[in-house]
Amino acid sequence: SDIEKGTYPHFMLKEIDEQPFVMRKIINEYQTEDSELKLDKNVRQAMKDCDRIYIIAAGTSYHAGLVGKAFIEKLANIPVEVHIASEFSYNMPLLSVKPLFIFISQSGETADSRAVLVRIKEMGHPALTITNVPGSTLSREADYTLNLYAGPEIAVASTKAYTAQIAVLAILAVDTAKAKCLELDFDPMQELAIVANAMEVLTDQKETIEELARDYLSKTRNAFFIGRSTDYYVCMEAALKLKEISYIQAEGFAGGELKHGTIALIEEGTPVIAISTQENVNYSIRGNVQEVVARGANDMVISMKGLEQDTDAFVIPQVHELLTPLVSVVPMQLLAYYAALHRDCDVDKPRNLAKSVTVE
Ligand code: G6P
């Protein structure tokens, strides 16, 4: 490959570190010189015309879609469903009258997503692809494309593409809200600039995260991530990152669901990593932490400034409550990275996985 690691031992670490720059690149690319949002006006029209959005994606891109759903529903007031591409084909939901399909794909080549695109184009529905590779299959075959501007992502475990997808979805949601003349007190570019700075603070704290990874994850067989609301979606992504490169059996759970089954798995020393960035669920997720600690769990709370407690393992800088996934995911990526290193795993090329899966 022409892309070099430079002084980095792995592409994954380089790509984690690139995230603040990707945020700033996205801010520049989606803004005019007079600081207005700059988006393909056909995309704007398609967003205005639809009565429901169907987000289709796989893996990490699916997790970004879950976060994007919240932006589009809260800011642009359009109902959104998020579907795993491979499942959509078997269980196609009843579609609305004017659906818009949004395909989220780093590579733009995922066969499961393409199968859905082919099918919905046959049905005559409009499609927008959000991808890091503008000339890719999903980009060419959709009606519209939004570019992620993340630069080539080489490591199999996706990092900067995930945060780029979330940032572009936030911009898309705000652009739609403006096009629909909706009330809005959220300046995405200003908030994303704050996010970029916060990411930098985090990538400067690698030693602290490495220690946490060593203490909690170097020996364990399994690990659980718990969160509520938007933190739950980040937990799903955190668990996927850990599974992919460290082979630790990991799962992300909604805090409130613990008592309905998962808590049975908690034993003496089981690592439970809790994310708390949302004021409205801070109290309840901390209740869940107490419940697992009472059963012997080795807890690690990662909270956002303003919601922190003395016993928390790590505190992330404060950002807008809608954008917390962009920041809370960074320590999760680094935890997975260092856990894999401590377990002598091949970080950039994990077993059994491919960067882009072009078979169904
Ligand atoms: C593969 C990769 C994942 C990725 C998924 C979707 O399974 O290993 O990291 O999230 O495909 O890829 P896409 O390119 O469509 O985002």
# chains A, B, ... in the order shown; residues from 1 in each chain; ligands from 1

call {"tool": "residues_near_ligand", "arguments": {"ligand": "ligand 1", "cutoff": "10 Å", "atoms": "only C-alpha atoms and all ligand atoms", "output": "PyMOL selection string"}}
result
chain A and resi 56-64+85+103-114+130-133+138+153+155-159+161-162+165+237+240-241+244+349-350+352-358

call {"tool": "residues_around", "arguments": {"residues": "Pro331 of chain A", "least_positions_apart": "2", "cutoff": "9 Å", "atoms": "only C-alpha atoms", "output": "short mmCIF file (atom, residue, chain, number, x, y, z; two decimals) with C-alpha atoms, in the first residue's frame"}}
result
data_model
loop_
_atom_site.label_atom_id
_atom_site.label_comp_id
_atom_site.auth_asym_id
_atom_site.auth_seq_id
_atom_site.Cartn_x
_atom_site.Cartn_y
_atom_site.Cartn_z
CA LEU A 202 -7.82 12.04 24.73
CA THR A 203 -5.22 10.89 22.21
CA GLN A 205 -3.67 10.32 27.34
CA LYS A 206 -2.64 7.02 25.82
CA ILE A 209 -5.68 4.09 28.83
CA ILE A 302 -15.81 6.42 31.95
CA PHE A 314 -11.44 8.11 33.34
CA ILE A 316 -13.58 12.74 29.04
CA VAL A 327 -15.50 11.58 22.10
CA SER A 328 -16.41 8.65 24.36
CA VAL A 329 -15.52 6.18 21.61
CA GLN A 333 -10.81 2.37 20.63
CA LEU A 334 -7.60 2.82 22.63
CA LEU A 335 -8.70 0.25 25.23
CA ALA A 336 -9.26 -2.30 22.47
#

call {"tool": "select_by_dssp", "arguments": {"residues": "segment 103-184 of chain A", "states": "alpha helix (DSSP H)", "output": "PyMOL selection string"}}
result
chain A and resi 111-122+137-141+160-179

call {"tool": "write_last_selection", "arguments": {"atoms": "C-alpha atoms", "output": "short mmCIF file (atom, residue, chain, number, x, y, z; two decimals), in the first residue's frame"}}
result
data_model
loop_
_atom_site.label_atom_id
_atom_site.label_comp_id
_atom_site.auth_asym_id
_atom_site.auth_seq_id
_atom_site.Cartn_x
_atom_site.Cartn_y
_atom_site.Cartn_z
CA ALA A 111 -22.06 -6.92 -0.52
CA ASP A 112 -24.82 -7.17 2.10
CA SER A 113 -25.54 -3.46 1.72
CA ARG A 114 -25.29 -3.60 -2.05
CA ALA A 115 -27.90 -6.37 -2.19
CA VAL A 116 -30.36 -4.04 -0.45
CA LEU A 117 -29.43 -1.15 -2.73
CA VAL A 118 -30.09 -3.23 -5.86
CA ARG A 119 -33.43 -4.35 -4.46
CA ILE A 120 -34.70 -0.90 -3.46
CA LYS A 121 -33.56 0.64 -6.76
CA GLU A 122 -35.66 -2.02 -8.53
CA THR A 137 -19.96 0.54 -5.95
CA LEU A 138 -22.45 1.84 -3.36
CA SER A 139 -21.59 5.39 -4.34
CA ARG A 140 -21.95 4.80 -8.08
CA GLU A 141 -25.21 2.89 -7.81
CA LYS A 160 -11.83 7.25 12.04
CA ALA A 161 -14.53 6.20 9.57
CA TYR A 162 -16.97 5.72 12.48
CA THR A 163 -16.40 9.20 13.88
CA ALA A 164 -16.47 10.70 10.38
CA GLN A 165 -19.82 8.98 9.69
CA ILE A 166 -21.32 10.40 12.88
CA ALA A 167 -20.02 13.91 12.11
CA VAL A 168 -21.43 13.85 8.57
CA LEU A 169 -24.77 12.53 9.84
CA ALA A 170 -24.93 15.44 12.31
CA ILE A 171 -24.26 17.93 9.52
CA LEU A 172 -26.85 16.26 7.31
CA ALA A 173 -29.45 16.41 10.09
CA VAL A 174 -28.80 20.10 10.75
CA ASP A 175 -28.84 20.95 7.05
CA THR A 176 -32.22 19.25 6.73
CA ALA A 177 -33.56 21.06 9.80
CA LYS A 178 -32.50 24.37 8.24
CA ALA A 179 -34.01 23.47 4.87
#

call {"tool": "closest_residue", "arguments": {"among": "A:Pro126, A:Pro325, A:Gly6, A:Pro188", "to": "Val67 of chain A", "atoms": "only C-alpha atoms"}}
result
A:Pro325

call {"tool": "closest_residue", "arguments": {"among": "A:Leu146, A:Ile55, A:Leu128, A:Leu37", "to": "Gly68 of chain A", "atoms": "only C-alpha atoms"}}
result
A:Ile55
